[in-house]
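Quick notes on the structure that follows.
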Amino acid sequence: MHKKYENLLHLCAVFFLIVVAYAGSTSGGWYLDDTVNIVDNIKLHVEDLSPASLVAAATAKPGAPLDANNLYRPTAMLTFAVNYVFSGTDPFPYRIVNIAIHIITASFLYLTLVLLLQSAKMPPAVQQRAATIAVVATLLWCLAPIQTQAVTYIIQRMTSLAGMFSVLAMYLYIRMRVRHPDTIRGSYVVALVLMFLLGLGSKEIAVLIPLNLLLIEVFFFKESRWTSRNTLYLLLSLVLIYLIAALVTGRVNIFSLFTSGDYRPFTTYERLLTEFRIVTYYLFQILVPNAQNLTLVHDVPISTSWLKPPATLAAFIFLGALFAAAVASIQKYRLFSFAVVFFFVNHSIESTIIPLELAFEHRNYIPSLFLFTPIAAVLVQMAYTAQWPRIVRSFCFVLIASYIAVAMFNTMQRNHEWTDRAVFWHKEGRHNERSPGVALELGNLYLDVQEIEVAKKLYGIGQNYIHRAQNRPLTEAALFNGLGIAHFRLEQYDHALQQFNACLDIIVDDPRCWANKTRTLVQLHEYEQAEQSVDVLLRFRPHSDEYNFIKGVIYLRQEMYAAGLPFLENAYNFSRGGYHATIHLAYALFRIGKVEQALATLRDTAEEFASDKRMLLFTAFIHQFNNTPGHAGRQLATLRTLYPEMTLDDMVALGETPYGIRLMQREDIVELVGNR
């Protein structure tokens with residue numbers, strides 16, 4: 001087959017199989033860090049792609065005040081902002097983009113492998129079968145179930161983007177070395193610099209791109225006429241560009257990874273010891289495709305010494321022997337040597353001493369890029385070597401196909417788990433029985449379905465194991481917040497307030513707890529304290545529809561309708577005509593005598609709310625008050641047509657909003673219905 005068409009056919013196979021493997025993941029929702037980084041990140045919620053909006057998105061660090069101007073992985077955040085402009089917070093398009101990034105990365109990994117396997121350092125037999133080895137290695141990598149966390153977990157677009165730009169940088173470097181073996185080409189250097197900066201803007205691990213290019217140079221191109229000085233100049237220039245950007249702007253700061261880990265339940269030494277076991281487990285996860293082993297949370301026992309647990313020393317010996325074998329076999333088994341060294345180098349940031357959380361599967365997205373290449377090379381060579389018996393060669397073909405099929409099946413299975421929040425978190429609970437983070441998420445799950453007592457029990461379990469939390473302040477605060485919500489829903493407002501205050505004692509600027517505390521104070525009729533509380537939120541995010549709405553409701557509860565009107569108008573505008581903002585704004589306008597404006601607000605409601613029973617009933621009531629009985633009758637007739645089973649008591653219940661505002665008294669509704 002002609003080389004051009006062979007590559008095209010292989011790329012089509014990569015595209016098709018990834019789409020099949022990940023198609024089932026597109027119906028999933030938001031998980032963990034997705035919420036704080038995307039769903040609740042107001043700065044990211046831009047309305048267009050104007051320069052001002054793009055700047056806001058590039059500085060959309062979650063939790064930062066609106067006037068903060070610090071870059072936070074701007075490449076990734078800009079892609080999220082583009083998603084938001086076109087689809088809001090619907091997770092489906094975000095997942096499509098993540099899958100597209102994975103396809104691009106896999107495609108350029110294939111092209112990179114073809115070039116590497118055709119290099120002069122490779123044996124002639126490998127060069128001859130370069131495309132076949134490359135497509136097998138690429139499929140094993142991109143269909144490995146461990147990659148699902150970097151692709152299906154939406155916020156880990158940060159990781160997959162860093163991986164994509166890393167692969168693009170390697171492809172460009174190799175292409176330059178192959179096409180122009182004796183000189184540095186300016187166009188390629190510009191492209192490499194761009195890939196480096198875009199990678200850094202995705203996630204800080206892209207700082208390893210220069211080191212990865214150096215590994216490629218050492219393993220595959222060292223003996224050409226290209227001088228060591230040229231290589232050194234090129235790689236140092238990338239590092240220098242980064243340092244200049246970091247020092248001048250003070251914004252792109254890889255060293256922020258080294259921030260204090262005092263709140264972690266391990267020391268730096270203990271983390272390093274534990275990582276020997278974790279990296280060994282990563283290798284098992286990568287090479288043995290089994291979706292049952294995959295979890296988002298890993299409740300890993302900490303290694304406190306070389307023999308506690310004993311697996312620590314065993315893992316160290318295994319990894320040491322593996323690395324030594326790779327170094328020793330650089331001449332004879334170059335692909336194996338390169339794959340192993342590349343794996344260790346690209347785990348050097350996230351799997352050593354930096355006080356990050358201990359284990360995440362997405363950390364293997366870049367390190368595992370070349371791990372399947374020596375496996376594919378051995379299997380393909382055996383399948384095509386005439387000296388081997390036919391049965392052995394046939395077995396190799398079957399083994400390759402089976403390996404790919406098993407990996408793909410497990411990836412589909414894992415992706416299916418991501419689509420069902422209950423299935424997902426119950427599996428996490430089975431694997432991590434003593435994880436406070438998992439207990440928290442299970443508690444939230446039961447809270448959402450109104451199983452309040454079960455939720456409270458799970459939050460209590462989380463508090464019992466809080467000493468095991470790898471990010472104790474955030475987890476502990478979230479547990480108090482969950483317990484507070486549970487008490488609030490049981491109308492135990494004094495207990496709820498205690499929990500929200502406990503949350504704020506841990507994280508003084510936690511907006512969730514401030515908002516919930518404010519709602520609780522309103523229920524306790526502590527309006528002065530509630531107003532002070534919501535003012536904290538408004539200083540933090542003055543353009544929040546939620547916080548403006550809460551303050552407006554505080555004034556409505558005190559019958560200070562004119563004072564609450566500006567905040568309800570803000571809530572209405574910022575939420576683009578949200579349901580509760582519309583109802584309460586219309587009520588405030590009605591109470592200060594602006595009846596026509598109140599009716600106009602209700603009339604202009606979003607189409608999805610036009611047939612809402614409370615909207616119809618309240619509109620009919622205002623028309624009745626405004627002495628336009630014909631309009632009132634039509635609204636009431638529509639209500640009865642759409643909801644024929646509705647009783648008078650049902651209507652009375654609609655007279656009060658979930659925020660304690662009485663829109664209509666019982667006698668008003670009785671009179672309204674009685675007149676028709």
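Each chain of the structure tokens is named A, B, ... in the order shown, its residues numbered from 1; ligands are numbered from 1 in display order.
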Legend entry - Residues within 12 Å of A:Glu671, only C-alpha atoms, excluding chain neighbours under 2 positions, as a list in words: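 Near A:Glu671, the qualifying residues are Ala620, Phe621, Gln624, Phe625, Ala632, Leu648, Val652, Met664, Gln665, Arg666, Glu667, Asp668, Ile669, Val673, Gly674, Asn675 and Arg676 of chain A.
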Selection above as a file: C-alpha atoms, as a short mmCIF file (atom, residue, chain, number, x, y, z; two decimals), in the first residue's frame:
data_model
loop_
_atom_site.label_atom_id
_atom_site.label_comp_id
_atom_site.auth_asym_id
_atom_site.auth_seq_id
_atom_site.Cartn_x
_atom_site.Cartn_y
_atom_site.Cartn_z
CA ALA A 620 -54.11 36.06 36.74
CA PHE A 621 -54.09 37.55 40.24
CA GLN A 624 -57.69 40.68 38.66
CA PHE A 625 -56.19 43.38 40.87
CA ALA A 632 -57.31 37.12 34.39
CA LEU A 648 -57.73 25.02 45.48
CA VAL A 652 -52.89 28.23 47.79
CA MET A 664 -51.06 35.95 47.21
CA GLN A 665 -53.12 35.38 50.32
CA ARG A 666 -55.56 32.49 50.48
CA GLU A 667 -58.56 34.79 50.36
CA ASP A 668 -57.15 36.43 47.19
CA ILE A 669 -56.95 33.06 45.48
CA VAL A 673 -61.17 31.30 41.50
CA GLY A 674 -64.66 32.06 42.78
CA ASN A 675 -65.16 34.82 40.21
CA ARG A 676 -64.57 32.30 37.43
#
Could the residues of stretch 321-440 of chain A that have an atom at most 7 Å from stretch 11-27 of chain A be listed as JSON lines, each with its closest atom pair and the distance in Å to one decimal, counting only C-alpha atoms and ordered by chain and ascending residue number?
{"residue": "A:Met408", "atom": "CA", "partner": "A:Ala21", "partner_atom": "CA", "distance": 5.9}
{"residue": "A:Thr411", "atom": "CA", "partner": "A:Ala21", "partner_atom": "CA", "distance": 6.2}
{"residue": "A:Met412", "atom": "CA", "partner": "A:Ala21", "partner_atom": "CA", "distance": 5.1}
{"residue": "A:Asn415", "atom": "CA", "partner": "A:Ser25", "partner_atom": "CA", "distance": 4.9}
{"residue": "A:His416", "atom": "CA", "partner": "A:Ser25", "partner_atom": "CA", "distance": 5.9}
{"residue": "A:Trp418", "atom": "CA", "partner": "A:Ser25", "partner_atom": "CA", "distance": 6.5}
{"residue": "A:Thr419", "atom": "CA", "partner": "A:Ser27", "partner_atom": "CA", "distance": 5.7}
Only C-alpha atoms, please: the residues just picked out, written as a PDB file, in the first residue's frame.
ATOM      1  CA  MET A 408     -11.735  -0.670  23.985  1.00  0.00           C
ATOM      2  CA  THR A 411     -12.883   2.036  28.066  1.00  0.00           C
ATOM      3  CA  MET A 412     -16.522   1.902  26.966  1.00  0.00           C
ATOM      4  CA  ASN A 415     -17.163   5.780  30.158  1.00  0.00           C
ATOM      5  CA  HIS A 416     -20.610   4.359  30.851  1.00  0.00           C
ATOM      6  CA  TRP A 418     -19.266   8.396  34.120  1.00  0.00           C
ATOM      7  CA  THR A 419     -22.785   8.867  32.719  1.00  0.00           C
TER       8      THR A 419
END
Inset, instruction - Can you check which residues of stretch 357-597 of chain A DSSP gives as alpha helix (DSSP H) on the backbone and send them as a count of residues only? - result: 181
Inset, instruction - Write out as a list of chain:residue names each polymer residue whose atoms come within 6 Å of stretch 129-139 of chain A, counting only C-alpha atoms; drop sequence neighbours fewer than 2 positions from it. - result: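 Listing them by chain and then by number gives A:Tyr110, A:Leu113, A:Val114, A:Leu117, A:Val126, A:Gln127, A:Trp141, A:Cys142, A:Leu143, A:Phe372, A:Thr373, A:Ala376, A:Ala377.
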Inset, instruction - Find the residues near A:Ala439: any atom within 7 Å, counting only C-alpha atoms, skip ones fewer than 4 places away on the same chain, and give them as a PyMOL selection string. - result: chain A and resi 435+443+458-459+461-462
Write the residues you've just listed into a file as a JSON list (two decimals), in the first residue's frame, and include C-alpha atoms for each of them.
[["chain", "number", "residue", "atom", "x", "y", "z"],
["A", 435, "SER", "CA", -12.33, 8.28, 52.04],
["A", 443, "GLY", "CA", -23.85, 12.46, 50.96],
["A", 458, "LEU", "CA", -22.60, 9.80, 55.24],
["A", 459, "TYR", "CA", -21.41, 13.30, 56.15],
["A", 461, "ILE", "CA", -18.67, 9.12, 58.25],
["A", 462, "GLY", "CA", -16.69, 11.68, 56.28]]
Inset, instruction - List the neighbours of stretch 36-41 of chain A out to 8 Å using only C-alpha atoms; skip same-chain residues closer than 5 positions along the sequence, and give me the result as number ranges by chain. - result: A: 60-63, 80, 89, 155
Inset, instruction - Give the answer as one residue: which of A:Arg576, A:Gln149, A:Leu172, A:Ile205 has the shortest atom-to-atom distance to A:Val189, using only C-alpha atoms? - result: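 That would be A:Leu172, the residue with the smallest distance to A:Val189.
A straight line drawn from atom CA of A:Arg393 to atom CA of A:Ala325 is 27.6 Å long.
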Legend entry - Residue with smallest distance to A:Pro145 - pool A:Ala324, A:Leu399, A:Leu287, A:Met651, counting only C-alpha atoms: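 Among the listed residues, the smallest separation from A:Pro145 belongs to A:Leu287.
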Inset, instruction - Name the closest residue to A:Phe108 among the candidates A:Asn7, A:Ser368, A:Thr35, A:Thr183; distances are taken between atoms, counting only C-alpha atoms. - result: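 The shortest atom-to-atom distance to A:Phe108 comes from A:Asn7.
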Inset, instruction - Find the residues near A:Ile330: any atom within 12 Å, counting only C-alpha atoms, skip ones fewer than 5 places away on the same chain, and give them as a ChimeraX atom specification. - result: /A:121-122,215,218-220,323-325,335-341
Prev. selection, C-alpha atoms, output as a short mmCIF file (atom, residue, chain, number, x, y, z; two decimals), in the first residue's frame:
data_model
loop_
_atom_site.label_atom_id
_atom_site.label_comp_id
_atom_site.auth_asym_id
_atom_site.auth_seq_id
_atom_site.Cartn_x
_atom_site.Cartn_y
_atom_site.Cartn_z
CA LYS A 121 18.71 4.47 15.05
CA MET A 122 16.01 1.85 14.46
CA LEU A 215 15.26 12.77 25.21
CA VAL A 218 19.59 11.73 22.67
CA PHE A 219 17.78 8.50 21.81
CA PHE A 220 17.13 8.98 18.09
CA PHE A 323 15.02 2.17 35.25
CA ALA A 324 18.42 0.47 35.45
CA ALA A 325 17.37 -2.00 32.75
CA LEU A 335 12.47 1.71 22.11
CA PHE A 336 12.08 0.02 25.50
CA SER A 337 14.74 2.25 27.02
CA PHE A 338 13.18 5.44 25.63
CA ALA A 339 9.64 4.50 26.70
CA VAL A 340 10.70 3.78 30.29
CA VAL A 341 12.89 6.88 30.69
#
Inset, instruction - Mind checking which residues fall within 8 Å of stretch 599-611 of chain A, counting only C-alpha atoms, ignoring those fewer than 6 positions away in the same chain, and posting them as a ChimeraX atom specification? - result: /A:577-579,582-583,585-586,619,622-623,639,642
Those selected residues, please, written with C-alpha atoms and delivered as a compact mmCIF listing (two decimals), in the first residue's frame.
# COMPACT_ATOMS: atom_id res chain seq x y z
CA GLY A 577 -34.71 36.21 33.11
CA GLY A 578 -34.30 33.32 35.53
CA TYR A 579 -37.46 31.85 36.99
CA THR A 582 -38.72 36.97 37.36
CA ILE A 583 -41.36 36.04 39.92
CA LEU A 585 -39.09 41.10 40.57
CA ALA A 586 -42.70 41.14 39.36
CA THR A 619 -50.38 36.76 36.41
CA ILE A 622 -52.38 40.78 39.10
CA HIS A 623 -54.84 41.13 36.19
CA LEU A 639 -53.95 27.02 34.13
CA LEU A 642 -52.74 22.51 31.56
